[in-house]
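Below is one structure; the comments refer to it alone.
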Number of protein chains: 2
Amino acid sequence: MKSDAKAELVASLPSWNDGPRRAAIVDFIGAATDPQSLGYIRPEDRIACFDNDGTLWAEKPYPVQAYFTLDRAAERAAVDPDWASAPALKAAAEKDFAALLVHGVPGLKEVLGAVVDGIPVDDFIADARLWLATARNPAIDMRFRDMIYRPMCELIAALEANGFKCFVISAGGVDFMRAFASDAYGLPLERIIGSEQEAHYTIVDGKPQVVKGNVVALVDDKQAKPPTIQRSIGRRPVFVAGNSDGDFEMAEWATSAAGPTLAIFIHHTDAVREFAYDREGIVGVFNRAQDAAPKRDWQIVDMATDWNQIF
Amino acid sequence: MKSDAKAELVASLPSWNDGPRRAAIVDFIGAATDPQSLGYIRPEDRIACFDNDGTLWAEKPYPVQAYFTLDRAAERAAVDPDWASAPALKAAAEKDFAALLVHGVPGLKEVLGAVVDGIPVDDFIADARLWLATARNPAIDMRFRDMIYRPMCELIAALEANGFKCFVISAGGVDFMRAFASDAYGLPLERIIGSEQEAHYTIVDGKPQVVKGNVVALVDDKQAKPPTIQRSIGRRPVFVAGNSDGDFEMAEWATSAAGPTLAIFIHHTDAVREFAYDREGIVGVFNRAQDAAPKRDWQIVDMATDWNQIF
């Protein structure tokens, strides 16, 4: 890579400190765009996939969509007495995360479905957008939607500027994601991909609408991410970014290709500026992927030392 | 629209004859890109969705994927005695369309699933690509993949040149589509969308793969098209092109928006150069949509008179 191209790349990542992670990123992008390099990647193969929760924005104490869902659960329960007799729904309506989690994934799916059942997708996105305009994180006094990692936005912009197509591959619901992620990351709506609820086409008050149902059709996490990427993008990414074991398979699949690839994992090491967590808990567990990273040449980004700005 | 812009648009559609359909297309694109026009459409909303079979390439006597599937069914049956005892599979293996159709949609799904079960998506696409390199239409002596409608390729290119993003929304399988459609229409792989089979992530001989299963998860036709578009693209298209009742809901949904929209339907009227069919049969039935078109201001393209070239 020519030194002026390298300097330009470094300058486009001002929130990243000098060090091995920034160097790995700069070297990867520099080689990918240099036809003389062994690391060259044809433009049509420059596909980059980013996890969202914990990779592009904060996910603690709980992922943002959980707060939105429980807020709406409380509203629905207030006008629907049936909610009181369904344990998972009742826990959600009382905003009692611990009680809700007792019901496991089936309970979460039940709540996610019940909260949106019968809502046109357009209305759901408008509602989520409105909610995100003011909703705040209970642990750090900021709006959720301002808790977006600046270094990652710079990275997305640097990849896009170098002919990569960046996609968000989230375990969050695709419609919730689209309420903010396109604006937040500067990516077109069709590049925001996530978990899905069944939806159907119908005529509501004379207006054709796509309406959400109450069945979670896809939980886009862990081993579901590669098939979702294949179906949505039609090829294997050459760059992936994640932060937890939910991104293990995506990274494994991407980096098993014969050509040049790069996987990075964001390690939440900064209890002062954000949250510090990894192997413990139920949100953002970074255990298997953390152990695998050195052997597989996955880069672990240390938020405390690699980033001079977080938000 | 300025007259030179209009002349340029007309010049980009040389296979279209002068007439009301070309005029409707030229007026729509011209207005969409003119900020002074009432028909102006913001670049981020310029989403165009094209059906494939019968809209972008020929679909008679049967859709192309049917021939591919029956070829592969015959091969599988030759080495798997179980196929002989399953009536739908047996009919497919004998390439007996009439006998297969007796088993209806469940029979078709059974065959589609059985033919690909256990095949990595990468291998499936490579195999379909190889098959398409030589496979020929039994009624018109041409390769299937050369039976692509030139006027529609010109239209896609004209829309793309004017800031539209074109997507293919096919009832054909997404992986089969991706074996040719990206090259054929000049669109990136992620803009090729279609029916889906379940797939799962697994390690095959030490190599991470996405492998196709035997369950048809989505038949992307009729009332399924709007939810598929919403999920994949995140917004309503302003332009749609179809040719059959399978595209009715997509057109209804798109053209019900408040702003400027255009829907066109390709009417197969040319028995000399291609095939003539509409209200009868099982492939490409154009009945309900044909009746609705005049009332809804959908344009019906008469292949015989509107197109001076077909392939």
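Ligands are numbered from 1 in the order shown, chains are lettered A, B, ... in the order of the structure tokens, and residues start at 1 in each chain.
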Chain B contacts on chain A, only C-alpha atoms, 8 Å, as a PyMOL selection string
chain A and resi 44+174-175+178+188-191+193+196+199-201+207-210+223-224+226-227+230-235+252-253+256
Just want the 12 Å neighbourhood of A:Ala24, counted on only C-alpha atoms, with same-chain residues fewer than 6 positions away dropped. Output as a ChimeraX atom specification.
/A:6,9-10,16,18,30-31,239,261-264,297-301
Kindly give the distance, in Å, that separates atom CA of A:Lys60 and atom CA of A:Leu101, rounded to a single decimal.
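Atom-to-atom, atom CA of A:Lys60 and atom CA of A:Leu101 are spaced 15.4 Å apart.
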Could you give me, as a PDB file with C-alpha atoms, in the first residue's frame, the residues within 9 Å of A:Asp71, counting only C-alpha atoms and dropping anything in the same chain fewer than 5 positions from it?
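Output saved as out_25.pdb:
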ATOM      1  CA  ALA A  66     -35.936  -4.971  25.189  1.00  0.00           C
ATOM      2  CA  ARG A  76     -50.908  -3.263  25.715  1.00  0.00           C
ATOM      3  CA  ALA A  92     -43.045  -8.035  30.502  1.00  0.00           C
ATOM      4  CA  ALA A  93     -45.923  -5.675  31.266  1.00  0.00           C
ATOM      5  CA  LYS A  95     -41.076  -4.483  33.176  1.00  0.00           C
TER       6      LYS A  95
END
Could you find all residues in stretch 98-200 of chain B that DSSP calls strand (DSSP E) from the backbone, and write them as a list in words?
Lys165, Cys166, Phe167, Val168, Ile169, Ser170, Ala171, Gly172, Gly173, Ile192, Ile193, Gly194, Ser195, Glu196, Gln197, Glu198, Ala199 and His200 of chain B
Dump as a tab-separated table (two decimals), in the first residue's frame, selection limited to all heavy atoms:
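Produced file result-v3.tsv, reproduced below:
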chain	number	residue	atom	x	y	z
B	165	LYS	N	-32.90	2.02	-7.61
B	165	LYS	CA	-32.33	0.72	-7.30
B	165	LYS	C	-33.33	-0.32	-7.75
B	165	LYS	O	-34.46	-0.36	-7.27
B	165	LYS	CB	-32.09	0.58	-5.80
B	165	LYS	CG	-30.87	1.29	-5.28
B	165	LYS	CD	-30.69	1.00	-3.80
B	165	LYS	CE	-29.56	1.84	-3.23
B	165	LYS	NZ	-29.68	1.96	-1.76
B	166	CYS	N	-32.89	-1.19	-8.67
B	166	CYS	CA	-33.76	-2.24	-9.17
B	166	CYS	C	-33.51	-3.55	-8.44
B	166	CYS	O	-32.36	-3.92	-8.20
B	166	CYS	CB	-33.53	-2.45	-10.67
B	166	CYS	SG	-33.96	-1.01	-11.66
B	167	PHE	N	-34.59	-4.21	-8.09
B	167	PHE	CA	-34.55	-5.52	-7.42
B	167	PHE	C	-35.37	-6.51	-8.24
B	167	PHE	O	-36.37	-6.14	-8.84
B	167	PHE	CB	-35.17	-5.43	-6.03
B	167	PHE	CG	-34.40	-4.59	-5.05
B	167	PHE	CD1	-34.49	-3.21	-5.07
B	167	PHE	CD2	-33.58	-5.17	-4.09
B	167	PHE	CE1	-33.78	-2.42	-4.16
B	167	PHE	CE2	-32.88	-4.40	-3.18
B	167	PHE	CZ	-32.97	-3.01	-3.22
B	168	VAL	N	-34.93	-7.76	-8.25
B	168	VAL	CA	-35.74	-8.83	-8.83
B	168	VAL	C	-36.46	-9.53	-7.69
B	168	VAL	O	-35.82	-9.95	-6.72
B	168	VAL	CB	-34.87	-9.81	-9.63
B	168	VAL	CG1	-35.72	-10.94	-10.17
B	168	VAL	CG2	-34.15	-9.08	-10.75
B	169	ILE	N	-37.77	-9.63	-7.80
B	169	ILE	CA	-38.60	-10.26	-6.76
B	169	ILE	C	-39.30	-11.44	-7.43
B	169	ILE	O	-40.37	-11.30	-8.03
B	169	ILE	CB	-39.64	-9.26	-6.21
B	169	ILE	CG1	-38.96	-7.97	-5.73
B	169	ILE	CG2	-40.46	-9.91	-5.10
B	169	ILE	CD1	-38.06	-8.13	-4.53
B	170	SER	N	-38.69	-12.59	-7.35
B	170	SER	CA	-39.13	-13.74	-8.14
B	170	SER	C	-39.80	-14.81	-7.29
B	170	SER	O	-39.47	-14.98	-6.12
B	170	SER	CB	-37.91	-14.35	-8.84
B	170	SER	OG	-38.29	-15.48	-9.58
B	171	ALA	N	-40.73	-15.53	-7.91
B	171	ALA	CA	-41.23	-16.76	-7.28
B	171	ALA	C	-40.22	-17.89	-7.47
B	171	ALA	O	-40.32	-18.93	-6.82
B	171	ALA	CB	-42.58	-17.14	-7.84
B	172	GLY	N	-39.27	-17.71	-8.34
B	172	GLY	CA	-38.18	-18.68	-8.50
B	172	GLY	C	-37.31	-18.69	-7.25
B	172	GLY	O	-37.27	-17.73	-6.49
B	173	GLY	N	-36.61	-19.77	-7.04
B	173	GLY	CA	-35.76	-19.90	-5.87
B	173	GLY	C	-34.61	-18.91	-5.91
B	173	GLY	O	-33.99	-18.70	-6.96
B	192	ILE	N	-31.16	-9.63	-5.88
B	192	ILE	CA	-31.90	-10.76	-6.45
B	192	ILE	C	-32.58	-11.49	-5.30
B	192	ILE	O	-31.91	-12.06	-4.43
B	192	ILE	CB	-30.95	-11.73	-7.20
B	192	ILE	CG1	-30.01	-10.97	-8.14
B	192	ILE	CG2	-31.75	-12.80	-7.91
B	192	ILE	CD1	-30.69	-10.22	-9.25
B	193	ILE	N	-33.90	-11.44	-5.29
B	193	ILE	CA	-34.68	-11.97	-4.16
B	193	ILE	C	-35.69	-12.97	-4.73
B	193	ILE	O	-36.21	-12.78	-5.83
B	193	ILE	CB	-35.37	-10.78	-3.44
B	193	ILE	CG1	-34.30	-9.89	-2.79
B	193	ILE	CG2	-36.39	-11.26	-2.42
B	193	ILE	CD1	-34.77	-8.50	-2.47
B	194	GLY	N	-35.96	-14.04	-3.97
B	194	GLY	CA	-36.88	-15.04	-4.49
B	194	GLY	C	-37.41	-15.96	-3.42
B	194	GLY	O	-37.31	-15.67	-2.22
B	195	SER	N	-37.98	-17.07	-3.86
B	195	SER	CA	-38.47	-18.08	-2.92
B	195	SER	C	-37.28	-18.69	-2.19
B	195	SER	O	-36.14	-18.61	-2.64
B	195	SER	CB	-39.27	-19.14	-3.67
B	195	SER	OG	-40.47	-18.59	-4.17
B	196	GLU	N	-37.57	-19.28	-1.04
B	196	GLU	CA	-36.48	-19.73	-0.17
B	196	GLU	C	-36.69	-21.15	0.33
B	196	GLU	O	-37.81	-21.55	0.61
B	196	GLU	CB	-36.39	-18.79	1.05
B	196	GLU	CG	-36.00	-17.38	0.67
B	196	GLU	CD	-36.28	-16.38	1.78
B	196	GLU	OE1	-36.59	-16.81	2.91
B	196	GLU	OE2	-36.18	-15.17	1.51
B	197	GLN	N	-35.59	-21.85	0.43
B	197	GLN	CA	-35.59	-23.11	1.16
B	197	GLN	C	-34.83	-22.92	2.45
B	197	GLN	O	-33.87	-22.16	2.50
B	197	GLN	CB	-34.94	-24.20	0.32
B	197	GLN	CG	-35.97	-24.89	-0.56
B	197	GLN	CD	-35.38	-25.53	-1.75
B	197	GLN	OE1	-34.55	-24.92	-2.42
B	197	GLN	NE2	-35.78	-26.74	-2.02
B	198	GLU	N	-35.26	-23.64	3.47
B	198	GLU	CA	-34.50	-23.58	4.72
B	198	GLU	C	-33.07	-24.02	4.45
B	198	GLU	O	-32.82	-24.91	3.64
B	198	GLU	CB	-35.14	-24.48	5.77
B	198	GLU	CG	-36.31	-23.80	6.45
B	198	GLU	CD	-36.90	-24.65	7.57
B	198	GLU	OE1	-36.37	-25.75	7.82
B	198	GLU	OE2	-37.88	-24.21	8.17
B	199	ALA	N	-32.16	-23.36	5.14
B	199	ALA	CA	-30.76	-23.73	5.03
B	199	ALA	C	-30.16	-23.65	6.42
B	199	ALA	O	-30.68	-22.95	7.29
B	199	ALA	CB	-30.03	-22.78	4.08
B	200	HIS	N	-29.12	-24.39	6.65
B	200	HIS	CA	-28.50	-24.36	7.97
B	200	HIS	C	-26.99	-24.31	7.83
B	200	HIS	O	-26.42	-24.69	6.81
B	200	HIS	CB	-28.94	-25.56	8.81
B	200	HIS	CG	-28.54	-26.88	8.23
B	200	HIS	ND1	-29.24	-27.48	7.20
B	200	HIS	CD2	-27.50	-27.71	8.50
B	200	HIS	CE1	-28.65	-28.62	6.88
B	200	HIS	NE2	-27.59	-28.78	7.64
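Closest approach to A:Val105 among A:Gln290, A:Val26, A:His267, A:Ile282: A:Ile282, based on only C-alpha atoms.
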